[in-house]
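Notes follow once the structure below has been shown.
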Amino acid sequence: MIQVIPPRSGTAFELKRGESLKVIDPQGEQVADLVAFNRHDTGEAISSGRSIDYASKIYLSTGDTIYSNRSQALLRIVEDTVGRHDFLLSPCSAEMFRIIYGDTEPHRGCLGNLAAALAPYGIAADAIPTAFNVFMNVPVDAATGVIRVEPPLSRAGDYIVFEAQMDLLIGLTACSAGQSNNFAYKPIHYELIHHGLIHSEAIAHG
């Protein structure tokens with residue numbers, strides 16, 4: 001059963017070792033921020049630095065592994081129809097909207113949505129690391145290092161599948177930043193898959 005994350009909101013759920021998570025862009029050009037924690041010790045969390053270091057590249061895709069801050073494998077990308085995701089930029093937040101865009105009444109962003117979704121599991125906002133920004137398109141100029149946020153390359157129905165390498169707690173959003181999503185806010189769909197069976201347990205927060 002497909003689960004729906006409404007625009008500009010987030011959810012959290014458990015993913016057991018060996019299960020897979022399929023993240024789907026139903027309409028195209030919509031980013032999903034993903035964070036992961038060791039379900040049995042949430043001090044162990046997804047690490048962009050470790051993952052980029054061990055992959056020797058900034059664009060992770062099929063066959064690549066996402067590591068924790070303790071250098072343990074958390075997720076393996078087993079299928080990817082897009083091939084371009086960001087692992088450099090932190091989740092958008094009210095502070096980011098104020099600092100970069102000058103918003104006087106900013107949305108709480110992906111950071112706020114993740115914090116709300118993960119709070120029942122005892123995870124505070126300050127413990128939320130840099131996310132794997134599914135479908136986010138952030139080109140880097142090779143000469144200057146300047147980064148740009150451009151529209152995602154994902155089209156309606158594109159997806160990525162992750163296989164859990166340990167028992168995990170997952171936080172997942174439908175990103176709230178206009179620039180990341182070509183200035184439109186759309187939902188994100190996902191499925192939890194185990195041996196071909198799809199599960200629908202989740203805690204959703206708007």
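Each chain of the structure tokens is named A, B, ... in the order shown, its residues numbered from 1; ligands are numbered from 1 in display order.
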
Within 6 Å of range 67-90 of chain A, which residues of range 130-175 of chain A show up? Give each one with its shortest atom-to-atom distance in Å (one decimal) and the two atoms involved, counting only C-alpha atoms, rows by chain then rising residue number, as JSON lines.
{"residue": "A:Thr130", "atom": "CA", "partner": "A:Ser90", "partner_atom": "CA", "distance": 4.6}
{"residue": "A:Phe132", "atom": "CA", "partner": "A:Phe87", "partner_atom": "CA", "distance": 5.0}
{"residue": "A:Asn133", "atom": "CA", "partner": "A:Asp86", "partner_atom": "CA", "distance": 5.0}
{"residue": "A:Val134", "atom": "CA", "partner": "A:His85", "partner_atom": "CA", "distance": 5.1}
{"residue": "A:Phe135", "atom": "CA", "partner": "A:His85", "partner_atom": "CA", "distance": 4.7}
{"residue": "A:Met136", "atom": "CA", "partner": "A:His85", "partner_atom": "CA", "distance": 4.8}
{"residue": "A:Asn137", "atom": "CA", "partner": "A:His85", "partner_atom": "CA", "distance": 5.9}
{"residue": "A:Ser154", "atom": "CA", "partner": "A:Val82", "partner_atom": "CA", "distance": 5.7}
{"residue": "A:Asp158", "atom": "CA", "partner": "A:Thr81", "partner_atom": "CA", "distance": 5.7}
{"residue": "A:Tyr159", "atom": "CA", "partner": "A:Thr81", "partner_atom": "CA", "distance": 5.7}
{"residue": "A:Ile160", "atom": "CA", "partner": "A:Asp80", "partner_atom": "CA", "distance": 4.3}
{"residue": "A:Val161", "atom": "CA", "partner": "A:Glu79", "partner_atom": "CA", "distance": 5.0}
{"residue": "A:Phe162", "atom": "CA", "partner": "A:Ile77", "partner_atom": "CA", "distance": 4.6}
{"residue": "A:Glu163", "atom": "CA", "partner": "A:Arg76", "partner_atom": "CA", "distance": 5.1}
{"residue": "A:Ala164", "atom": "CA", "partner": "A:Leu75", "partner_atom": "CA", "distance": 4.7}
{"residue": "A:Gln165", "atom": "CA", "partner": "A:Leu74", "partner_atom": "CA", "distance": 5.0}
{"residue": "A:Met166", "atom": "CA", "partner": "A:Leu74", "partner_atom": "CA", "distance": 6.0}

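The closest residue to Ala45 in chain A, picked from A:Ser9, A:Ile66, A:Ala184, A:Thr104 and counting only C-alpha atoms, is A:Ile66.
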
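When only C-alpha atoms are used to measure the gap to Leu168 in chain A, the shortest distance among A:Arg50, A:Arg39, A:Arg8, A:Lys22 belongs to A:Arg39.
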
inquiry  = If we count only C-alpha atoms and set the cut-off at 8 Å, which residues sit around Gly112 in chain A, ignoring sequence neighbours fewer than 3 positions away in its own chain? Please answer as a count of residues only.
reply    = 7

request  = Enumerate, as a ChimeraX atom specification, the complete set of residues in range 16-176 of chain A that a backbone-based DSSP assignment places in helix (DSSP H, G or I).
outcome  = /A:48-55,94-101,109-121,125-127

task = Measuring atom to atom with only C-alpha atoms, identify which of A:Glu95, A:Glu14, A:Glu105, A:Asp25 is nearest to His40 in chain A.
result = A:Glu14

request  = Please run DSSP on the backbone and report, as a VMD selection string, all residues within range 62-165 of chain A that come out as strand (DSSP E or B).
outcome  = chain A and resid 65 to 68 73 to 80 86 132 to 134 137 140 147 150 155 158 to 164

Applying 8 Å and only C-alpha atoms, which residues near Val35 in chain A remain after dropping the ones on its own chain fewer than 3 positions away? List them as a PDB file with N, CA and C atoms, in the first residue's frame.
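Once everything was written out, this is out-v6.pdb:
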ATOM      1  N   ALA A  45      23.680   7.621  13.514  1.00  0.00           N
ATOM      2  CA  ALA A  45      22.797   8.238  12.526  1.00  0.00           C
ATOM      3  C   ALA A  45      23.482   8.356  11.171  1.00  0.00           C
ATOM      4  N   ILE A  46      22.693   8.592  10.169  1.00  0.00           N
ATOM      5  CA  ILE A  46      23.175   8.783   8.805  1.00  0.00           C
ATOM      6  C   ILE A  46      24.269   9.848   8.760  1.00  0.00           C
ATOM      7  N   ILE A 128      19.291  15.893  14.565  1.00  0.00           N
ATOM      8  CA  ILE A 128      18.963  15.540  13.175  1.00  0.00           C
ATOM      9  C   ILE A 128      20.127  15.943  12.272  1.00  0.00           C
ATOM     10  N   PRO A 129      20.725  14.999  11.576  1.00  0.00           N
ATOM     11  CA  PRO A 129      21.916  15.278  10.765  1.00  0.00           C
ATOM     12  C   PRO A 129      21.553  15.758   9.361  1.00  0.00           C
ATOM     13  N   THR A 130      22.565  15.983   8.545  1.00  0.00           N
ATOM     14  CA  THR A 130      22.351  16.265   7.130  1.00  0.00           C
ATOM     15  C   THR A 130      21.630  15.082   6.504  1.00  0.00           C
ATOM     16  N   ALA A 131      20.580  15.380   5.773  1.00  0.00           N
ATOM     17  CA  ALA A 131      19.748  14.335   5.178  1.00  0.00           C
ATOM     18  C   ALA A 131      20.284  13.909   3.817  1.00  0.00           C
ATOM     19  N   PHE A 132      19.874  12.710   3.400  1.00  0.00           N
ATOM     20  CA  PHE A 132      20.037  12.308   2.011  1.00  0.00           C
ATOM     21  C   PHE A 132      18.835  12.885   1.285  1.00  0.00           C
ATOM     22  N   ILE A 170      13.477   5.739  10.427  1.00  0.00           N
ATOM     23  CA  ILE A 170      13.561   6.603   9.257  1.00  0.00           C
ATOM     24  C   ILE A 170      12.719   7.850   9.454  1.00  0.00           C
ATOM     25  N   GLY A 171      13.251   9.003   9.082  1.00  0.00           N
ATOM     26  CA  GLY A 171      12.473  10.227   8.955  1.00  0.00           C
ATOM     27  C   GLY A 171      12.445  10.614   7.489  1.00  0.00           C
ATOM     28  N   LEU A 172      11.277  11.000   6.981  1.00  0.00           N
ATOM     29  CA  LEU A 172      11.126  11.275   5.553  1.00  0.00           C
ATOM     30  C   LEU A 172      10.156  12.427   5.359  1.00  0.00           C
TER      31      LEU A 172
END

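In this comparison, which uses only C-alpha atoms, the residue of A:Val4, A:Val146, A:Leu169, A:Val138 approaching Ala36 in chain A most closely is A:Leu169.
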